[in-house]
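To start, the structure itself, in structure tokens.
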Amino acid sequence: MRHVRPRAHRFEHQVVIVGGGPAGMMLAAELKLANVDVVVLERRATQDLESPRSRGLHARTIEVLDQRGIADRFLGEGTPMQVQAFAGIPLDISDFPTRHNYGLALLQSRFERIMATWLAELGVHIARGREVTGVTSYPQQVEVTLTDDSSHRAEYLVGCDGSRSMVRKKAGIEFAGWDPSVCWITAEVEMREQPEFGMRGGGGIGPAEDGRVGVTLAEPNTDARFQEPTLEDLRTALTRVDGTDYGAHSPRYISRFTDMTRQAVTYRSGRVLIAGDAAHVHAPLGGQGLNLAVQDAVNLGWKLAQVVNGTSPDTLLDSYEAERHPVATGVMRNTMAQRGLSATDARTVALRDMVADLLTLDDARKRTAGMISGLDISYSADGDHHPVVGRRVPDHQVKTAHGSKRVYDHLHDAKGLLLDLEAPSGFDPSPWSERVKHIVGTSPDPWELPIVGTVEAPSALLVRPDGHVAWAGTGTYDGLEEALSTWFGAATPP
């Protein structure tokens with residue numbers, strides 16, 4: 001039987017998560033699926049958001065939700081469509097080799113409500129109205145102090161508390177990067193006159209819920225971010241861009257944001273980790289923020305669970321930063337590039353037109369769309385291995401003696417998966433059976449990867465709980481035992 005480290009009495013919880021947004025909720029679900037005692041501390045008293053924030057999901061995030069068996073909940077409330085764009089230049093991924101070759105128009109407020117329902121079903125407790133004031137780390141535990149002078153002690157603390165993260169600050173983690181170069185005003189309002197919908201003014205105007213109009217426009221003064229936005233500020237921005245304010249009135253919300261671009265120099269300080277906007281912040285160009293946060297959580301969740309449950313050493317957590325830090329760096333790079341193409345002077349417009357022409361080329365479109373959608377992510381360094389290693393596993397149909405199921409159906413419980421696609425011989429995976437499911441079957445589907453193209457079909461592959469391939473073999477099990485030990489802990493004696 002697998003050894004599980006007993007819970008020490010000095011801990012109220014094994015893991016405390018600060019922040020109940022997309023990253024915090026996804027991480028809590030991942031930990032709960034692995035039977036970790038987790039609590040979420042959320043500053044907001046209710047699930048309500050003051051604004052919709054993110055407006056959609058990209059393909060890889062939909063795949064992640066599909067891996068947990070809940071994608072249909074989101075697809076049922078959103079609108080599947082081609083949401084990918086670079087600097088406002090549309091990018092179609094309908095020819096990408098994925099079941100979800102599209103994005104999903106879905107407000108973050110709806111995303112969070114659906115997630116909250118799932119967490120309630122899993123039994124995750126979200127303690128609301130809890131604001132963190134202090135973090136104290138000890139060799140064997142970490143303590144979180146709240147505004148009411150109460151505290152929570154845990155083995156690990158994860159800060160998912162946004163760009164102004166108190167957890168990051170108290171842990172002494174530097175947030176390096178660039179100050180804002182532009183400020184945007186954004187709102188949902190009613191209008192007496194109908195504006196033309198489309199991109200302009202460093203942002204755009206489009207339809208919102210219940211007949212309202214969504215407005216996002218750049219402002220000339222970055223110091224505006226220090227001031228509370230008003231309806232008059234919005235009317236001024238509309239008049240500057242379109243020559244009229246369209247009789248804007250009755251705002252649902254008005255807020256400001258900037259292109260401040262910063263990233264934590266490390267994602268971990270001892271028993272304190274950070275994820276989502278607490279680890280990185282950038283302009284919302286390309287709609288990548290929420291998606292980046294959810295995928296941070298899915299990468300971290302199973303690793304932290306294995307460490308807390310005693311099946312893997314603490315060093316496994318180092319792979320979280322090693323894998324996710326470069327991904328966020330890439331998003332920061334592409335959002336800064338998009339920001340550079342958003343100016344309206346004649347030279348920048350000419351440059352943007354040339355970039356738009358280049359993106360009509362298949363290779364350029366696929367590479368850029370793969371980056372924006374998250375389908376190009378690989379956690380494997382270049383080397384002598386099968387090209388699927390490090391990448392998300394294709395969701396093939398696998399036929400077994402018990403019927404036919406998709407690969408993602410086998411990942412619903414967030415466990416590892418060893419897929420034998422030829423007659424197995426010469427390797428016994430039973431010492432990892434409590435951590436890794438062994439499926440023997442066949443799959444007629446061609447092996448095609450986004451960006452990479454068609455690859456040789458592997459005879460067997462080891463899939464991590466986050467859906468990324470840890471090992472693949474073609475007619476041999478060489479390296480499999482090492483991969484199992486690296487990602488799922490030492491073999492359990494019979």
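Here, A, B, ... name the chains of the structure tokens in the order displayed, residue numbers run from 1 inside each chain, and ligands are numbered from 1 in the same displayed order.
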Near Ala34 of chain A, counting only C-alpha atoms, which residues have an atom at most 9 Å away, once you skip same-chain residues fewer than 4 positions from it, shown as an NGL selection string? :A and (29-30 or 301-302 or 305-306 or 309 or 413-415)
Per DSSP on the backbone, what are the strand (DSSP E or B) residues of segment 154-369 of chain A, as a VMD selection string? chain A and resid 154 to 159 175 to 178 183 to 190 198 to 200 203 to 207 213 to 219 249 to 258 261 to 264 268 to 269 272 to 274 280 to 281
Find the residues around segment 152-158 of chain A up to 7 Å (only C-alpha atoms counted), leave out those fewer than 4 positions away in its own chain, and share them as a PyMOL selection string. chain A and resi 11-18+140-145+271-274
Which residues of segment 242-312 of chain A sit at most 10 Å from segment 465-471 of chain A, using only C-alpha atoms? Give each one's shortest atom pair and distance in Å (one decimal place), in chain and ascending residue order, as JSON lines.
```
{"residue": "A:Gln295", "atom": "CA", "partner": "A:Asp466", "partner_atom": "CA", "distance": 8.5}
{"residue": "A:Ala297", "atom": "CA", "partner": "A:Asp466", "partner_atom": "CA", "distance": 9.5}
{"residue": "A:Val298", "atom": "CA", "partner": "A:Asp466", "partner_atom": "CA", "distance": 5.8}
{"residue": "A:Asn299", "atom": "CA", "partner": "A:Asp466", "partner_atom": "CA", "distance": 5.9}
{"residue": "A:Leu300", "atom": "CA", "partner": "A:Asp466", "partner_atom": "CA", "distance": 8.9}
{"residue": "A:Gly301", "atom": "CA", "partner": "A:Asp466", "partner_atom": "CA", "distance": 8.6}
{"residue": "A:Trp302", "atom": "CA", "partner": "A:Pro465", "partner_atom": "CA", "distance": 6.6}
{"residue": "A:Lys303", "atom": "CA", "partner": "A:Pro465", "partner_atom": "CA", "distance": 9.1}
```
Keeping C-alpha atoms for every residue in the selection just given, could you write it to a file as a CSV table (one decimal), in the first residue's frame?
```csv
chain,number,residue,atom,x,y,z
A,295,GLN,CA,-3.1,26.3,-16.6
A,297,ALA,CA,-3.1,25.8,-11.3
A,298,VAL,CA,-3.4,22.6,-13.2
A,299,ASN,CA,0.4,22.3,-13.5
A,300,LEU,CA,0.9,23.0,-9.8
A,301,GLY,CA,-2.1,21.1,-8.3
A,302,TRP,CA,-1.1,17.5,-8.9
A,303,LYS,CA,2.6,18.1,-8.0
```
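Compared by their closest atoms to Glu481 of chain A, and using only C-alpha atoms, the residues A:Gly19, A:Gly441, A:Pro313, A:Pro429 rank with A:Pro429 nearest.
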Write down as a PyMOL selection string the residues of segment 98-192 of chain A whose backbone DSSP state falls under alpha helix (DSSP H). chain A and resi 108-122+166-170
File dump, residues just selected, C-alpha atoms, as a PDB file, in the first residue's frame:
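Once everything was written out, this is selection10.pdb:
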```pdb
ATOM      1  CA  GLN A 108     -15.240  35.623 -16.229  1.00  0.00           C
ATOM      2  CA  SER A 109     -18.188  36.249 -13.924  1.00  0.00           C
ATOM      3  CA  ARG A 110     -19.966  33.257 -15.498  1.00  0.00           C
ATOM      4  CA  PHE A 111     -16.772  31.196 -15.497  1.00  0.00           C
ATOM      5  CA  GLU A 112     -16.389  31.739 -11.758  1.00  0.00           C
ATOM      6  CA  ARG A 113     -20.015  30.875 -11.010  1.00  0.00           C
ATOM      7  CA  ILE A 114     -19.680  27.562 -12.861  1.00  0.00           C
ATOM      8  CA  MET A 115     -16.410  26.824 -11.071  1.00  0.00           C
ATOM      9  CA  ALA A 116     -17.962  27.642  -7.701  1.00  0.00           C
ATOM     10  CA  THR A 117     -20.711  25.097  -8.331  1.00  0.00           C
ATOM     11  CA  TRP A 118     -18.142  22.419  -9.184  1.00  0.00           C
ATOM     12  CA  LEU A 119     -16.102  23.221  -6.066  1.00  0.00           C
ATOM     13  CA  ALA A 120     -19.210  22.923  -3.919  1.00  0.00           C
ATOM     14  CA  GLU A 121     -19.848  19.466  -5.411  1.00  0.00           C
ATOM     15  CA  LEU A 122     -16.267  18.464  -4.587  1.00  0.00           C
ATOM     16  CA  MET A 166      -0.217  40.307  -0.399  1.00  0.00           C
ATOM     17  CA  VAL A 167       1.165  36.754  -0.269  1.00  0.00           C
ATOM     18  CA  ARG A 168       3.854  37.581  -2.843  1.00  0.00           C
ATOM     19  CA  LYS A 169       4.802  40.767  -1.006  1.00  0.00           C
ATOM     20  CA  LYS A 170       4.957  39.121   2.421  1.00  0.00           C
TER      21      LYS A 170
END
```
Quick one: residues within 9 Å of Ile451 of chain A, only C-alpha atoms counted, chain neighbours fewer than 6 positions away excluded, as a PyMOL selection string? chain A and resi 96+363+366-367+370+375-376
Go ahead and dump the residues you just picked, C-alpha atoms, as a tab-separated table (two decimals), in the first residue's frame.
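Writing done, so here's part_17.tsv:
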```
chain	number	residue	atom	x	y	z
A	96	PHE	CA	-6.00	22.61	-35.73
A	363	ASP	CA	3.07	28.66	-40.91
A	366	LYS	CA	-0.40	28.45	-36.97
A	367	ARG	CA	2.62	29.41	-34.90
A	370	GLY	CA	-0.82	28.13	-31.26
A	375	LEU	CA	-1.90	24.68	-27.84
A	376	ASP	CA	1.83	25.09	-28.56
```
